[in-house]
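Asks: Just dropping this structure here.
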Amino acid sequence: MAHIELNNDLPGIRGLMAYRPETEKALNALADVLLRDDNNTLTRGERELIGTYVSYLNDCFFCQNVHGALAGHYLSCDIDQIDAIKNDFYTADLSPKMKGLLAIAASVQKGGKNVTTGQIEAARNAGATDTEIHDAVLIAAAFCMFNRYVDGLNTWAPQDRQFYVNRAPQRAQEGYQSSVYK
């Protein structure tokens, strides 16, 4: 049960956005530009994977499953493969660039000052552009906020992970702008 009365039965951040619709537009716009905008050299799947990994590190069940299912949808892999990446991305079948960006995201999750020059250099040497590094840091920082919002108010989350997998194609098609009411 949420720490406050939300007056709706929607799970996770969707319930919070329905409770305060004046914040919904800005938060969903941020998610849309970070995760869906096509003016980006990182794929939608790669960006969703960064959000998934940070949500996993923050132990946010709702967010890591919503975005893990979307990452799986975009990357054509299943939830078990996403779990394997979350558990040890260094041994996963990911590009060196993506591994470098996930390492940076993990440092952001601990605190922005934990990102090192060595991590930036490693990501660059693996082919990451400054824009990709920027976006990885911003996605990680935004997901720390989203995760703390969801868990700080103790929202509920469906425990059947298939729920998230089943919703992923719809969310991939529609984006985040209208995610509260669909």
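How things are named: the first chain in the structure tokens is A, the next is B, and so on; residues count from 1 in each chain; ligands count from 1 in the order shown.
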Which residues come within 12 Å of Asn39 (chain A), counting only C-alpha atoms, excluding same-chain residues fewer than 5 positions away, as an MDAnalysis selection string?

Replies: chainID A and resid 32:34 44 131:132 135

Asks: Using DSSP on the backbone coordinates, identify the residues of chain A assigned to helix (DSSP H, G or I); present them as a ChimeraX atom specification.

Replies: /A:12-19,21-35,44-57,61-75,79-87,89-91,96-110,112-114,117-125,130-152,162-174

Asks: What are the closest atom pairs, with distances in Å to one decimal, for all residues of region 51-100 of chain A lying within 10 Å of region 155-176 of chain A? Consider only C-alpha atoms, order rows by chain and residue number, and present the result as a tab-separated table.

Replies:
residue	atom	partner	partner_atom	distance
A:Cys60	CA	A:Ala157	CA	9.7
A:Phe61	CA	A:Ala157	CA	7.2
A:Phe62	CA	A:Ala157	CA	5.4
A:Cys63	CA	A:Ala157	CA	9.1
A:Gln64	CA	A:Tyr164	CA	9.8
A:Asn65	CA	A:Tyr164	CA	6.2
A:Val66	CA	A:Tyr164	CA	5.4
A:His67	CA	A:Ala168	CA	8.3
A:Gly68	CA	A:Tyr164	CA	8.3
A:Ala69	CA	A:Val165	CA	4.9
A:Leu70	CA	A:Ala168	CA	5.0
A:Ala71	CA	A:Ala168	CA	8.7
A:Gly72	CA	A:Val165	CA	8.2
A:His73	CA	A:Ala168	CA	6.5
A:Tyr74	CA	A:Ala172	CA	8.0
A:Asp78	CA	A:Val165	CA	8.6
A:Ile79	CA	A:Val165	CA	7.8

Asks: Restricting it to N, CA and C atoms, dump the selection as a PDB file, in the first residue's frame.

Replies:
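See again19.pdb below for the written result:
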ATOM      1  N   CYS A  60      14.561  -1.133  -7.668  1.00  0.00           N
ATOM      2  CA  CYS A  60      13.204  -0.677  -7.957  1.00  0.00           C
ATOM      3  C   CYS A  60      12.537  -1.729  -8.848  1.00  0.00           C
ATOM      4  N   PHE A  61      11.729  -2.574  -8.260  1.00  0.00           N
ATOM      5  CA  PHE A  61      11.118  -3.698  -8.966  1.00  0.00           C
ATOM      6  C   PHE A  61      10.287  -3.226 -10.150  1.00  0.00           C
ATOM      7  N   PHE A  62       9.429  -2.240  -9.924  1.00  0.00           N
ATOM      8  CA  PHE A  62       8.551  -1.777 -10.997  1.00  0.00           C
ATOM      9  C   PHE A  62       9.361  -1.280 -12.190  1.00  0.00           C
ATOM     10  N   CYS A  63      10.280  -0.355 -11.964  1.00  0.00           N
ATOM     11  CA  CYS A  63      11.021   0.255 -13.073  1.00  0.00           C
ATOM     12  C   CYS A  63      11.945  -0.726 -13.782  1.00  0.00           C
ATOM     13  N   GLN A  64      12.617  -1.589 -13.029  1.00  0.00           N
ATOM     14  CA  GLN A  64      13.519  -2.516 -13.707  1.00  0.00           C
ATOM     15  C   GLN A  64      12.750  -3.523 -14.557  1.00  0.00           C
ATOM     16  N   ASN A  65      11.518  -3.813 -14.197  1.00  0.00           N
ATOM     17  CA  ASN A  65      10.730  -4.747 -14.993  1.00  0.00           C
ATOM     18  C   ASN A  65      10.024  -4.075 -16.159  1.00  0.00           C
ATOM     19  N   VAL A  66       9.509  -2.870 -15.955  1.00  0.00           N
ATOM     20  CA  VAL A  66       8.921  -2.129 -17.077  1.00  0.00           C
ATOM     21  C   VAL A  66       9.977  -1.918 -18.162  1.00  0.00           C
ATOM     22  N   HIS A  67      11.101  -1.377 -17.764  1.00  0.00           N
ATOM     23  CA  HIS A  67      12.118  -1.004 -18.746  1.00  0.00           C
ATOM     24  C   HIS A  67      12.932  -2.211 -19.205  1.00  0.00           C
ATOM     25  N   GLY A  68      13.040  -3.221 -18.365  1.00  0.00           N
ATOM     26  CA  GLY A  68      13.678  -4.468 -18.805  1.00  0.00           C
ATOM     27  C   GLY A  68      12.862  -5.142 -19.889  1.00  0.00           C
ATOM     28  N   ALA A  69      11.543  -5.133 -19.737  1.00  0.00           N
ATOM     29  CA  ALA A  69      10.679  -5.715 -20.770  1.00  0.00           C
ATOM     30  C   ALA A  69      10.778  -4.915 -22.068  1.00  0.00           C
ATOM     31  N   LEU A  70      10.846  -3.595 -21.950  1.00  0.00           N
ATOM     32  CA  LEU A  70      11.007  -2.767 -23.153  1.00  0.00           C
ATOM     33  C   LEU A  70      12.369  -2.993 -23.802  1.00  0.00           C
ATOM     34  N   ALA A  71      13.420  -3.064 -23.005  1.00  0.00           N
ATOM     35  CA  ALA A  71      14.752  -3.352 -23.554  1.00  0.00           C
ATOM     36  C   ALA A  71      14.727  -4.689 -24.282  1.00  0.00           C
ATOM     37  N   GLY A  72      14.111  -5.682 -23.656  1.00  0.00           N
ATOM     38  CA  GLY A  72      13.997  -6.998 -24.293  1.00  0.00           C
ATOM     39  C   GLY A  72      13.220  -6.931 -25.592  1.00  0.00           C
ATOM     40  N   HIS A  73      12.156  -6.152 -25.597  1.00  0.00           N
ATOM     41  CA  HIS A  73      11.348  -5.982 -26.806  1.00  0.00           C
ATOM     42  C   HIS A  73      12.202  -5.390 -27.931  1.00  0.00           C
ATOM     43  N   TYR A  74      12.894  -4.300 -27.640  1.00  0.00           N
ATOM     44  CA  TYR A  74      13.698  -3.627 -28.662  1.00  0.00           C
ATOM     45  C   TYR A  74      14.919  -4.444 -29.085  1.00  0.00           C
ATOM     46  N   ASP A  78      14.813 -12.108 -24.273  1.00  0.00           N
ATOM     47  CA  ASP A  78      13.782 -12.358 -23.263  1.00  0.00           C
ATOM     48  C   ASP A  78      14.232 -11.826 -21.896  1.00  0.00           C
ATOM     49  N   ILE A  79      13.333 -11.931 -20.939  1.00  0.00           N
ATOM     50  CA  ILE A  79      13.586 -11.364 -19.617  1.00  0.00           C
ATOM     51  C   ILE A  79      14.746 -12.064 -18.922  1.00  0.00           C
TER      52      ILE A  79
END

Asks: Write out as an MDAnalysis selection string each polymer residue whose atoms come within 12 Å of Leu10 (chain A), counting only C-alpha atoms; drop sequence neighbours fewer than 2 positions from it.

Replies: chainID A and resid 1:2 5:8 12:19 62 150 155:158 179:182

Asks: From the list A:Cys144, A:Arg47, A:Gly152, A:Ser76, which residue is nearest Lys110 (chain A) when using only C-alpha atoms?

Replies: A:Cys144

Asks: What is the distance between CA of Gly45 (chain A) and CA of Leu75 (chain A), in Å to one decimal?

Replies: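 Calculated distance between CA of Gly45 (chain A) and CA of Leu75 (chain A) is 5.4 Å.
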
Asks: Determine the nearest neighbour of Tyr53 (chain A) from the options A:Leu27, A:Ile82, A:Leu94, A:Ile133, counting only C-alpha atoms.

Replies: A:Ile82

Asks: Pick the closest to Leu138 (chain A) from A:Val54, A:Gln177, A:Asn154, A:Gly100: which is it, counting only C-alpha atoms?

Replies: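 Going through A:Val54, A:Gln177, A:Asn154, A:Gly100 one by one, the smallest distance to Leu138 (chain A) is for A:Val54.
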
Asks: Using only C-alpha atoms, can you tell me which of A:Ala142, A:Ala136, A:Ile4, A:Ile120 comes closest to Ala29 (chain A)?

Replies: A:Ala142

Asks: Pick from A:Arg148, A:Asn114, A:Glu24, A:Leu102: nearest to Phe89 (chain A), with only C-alpha atoms counted?

Replies: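 Comparing A:Arg148, A:Asn114, A:Glu24, A:Leu102 against Phe89 (chain A), the winner is A:Leu102.
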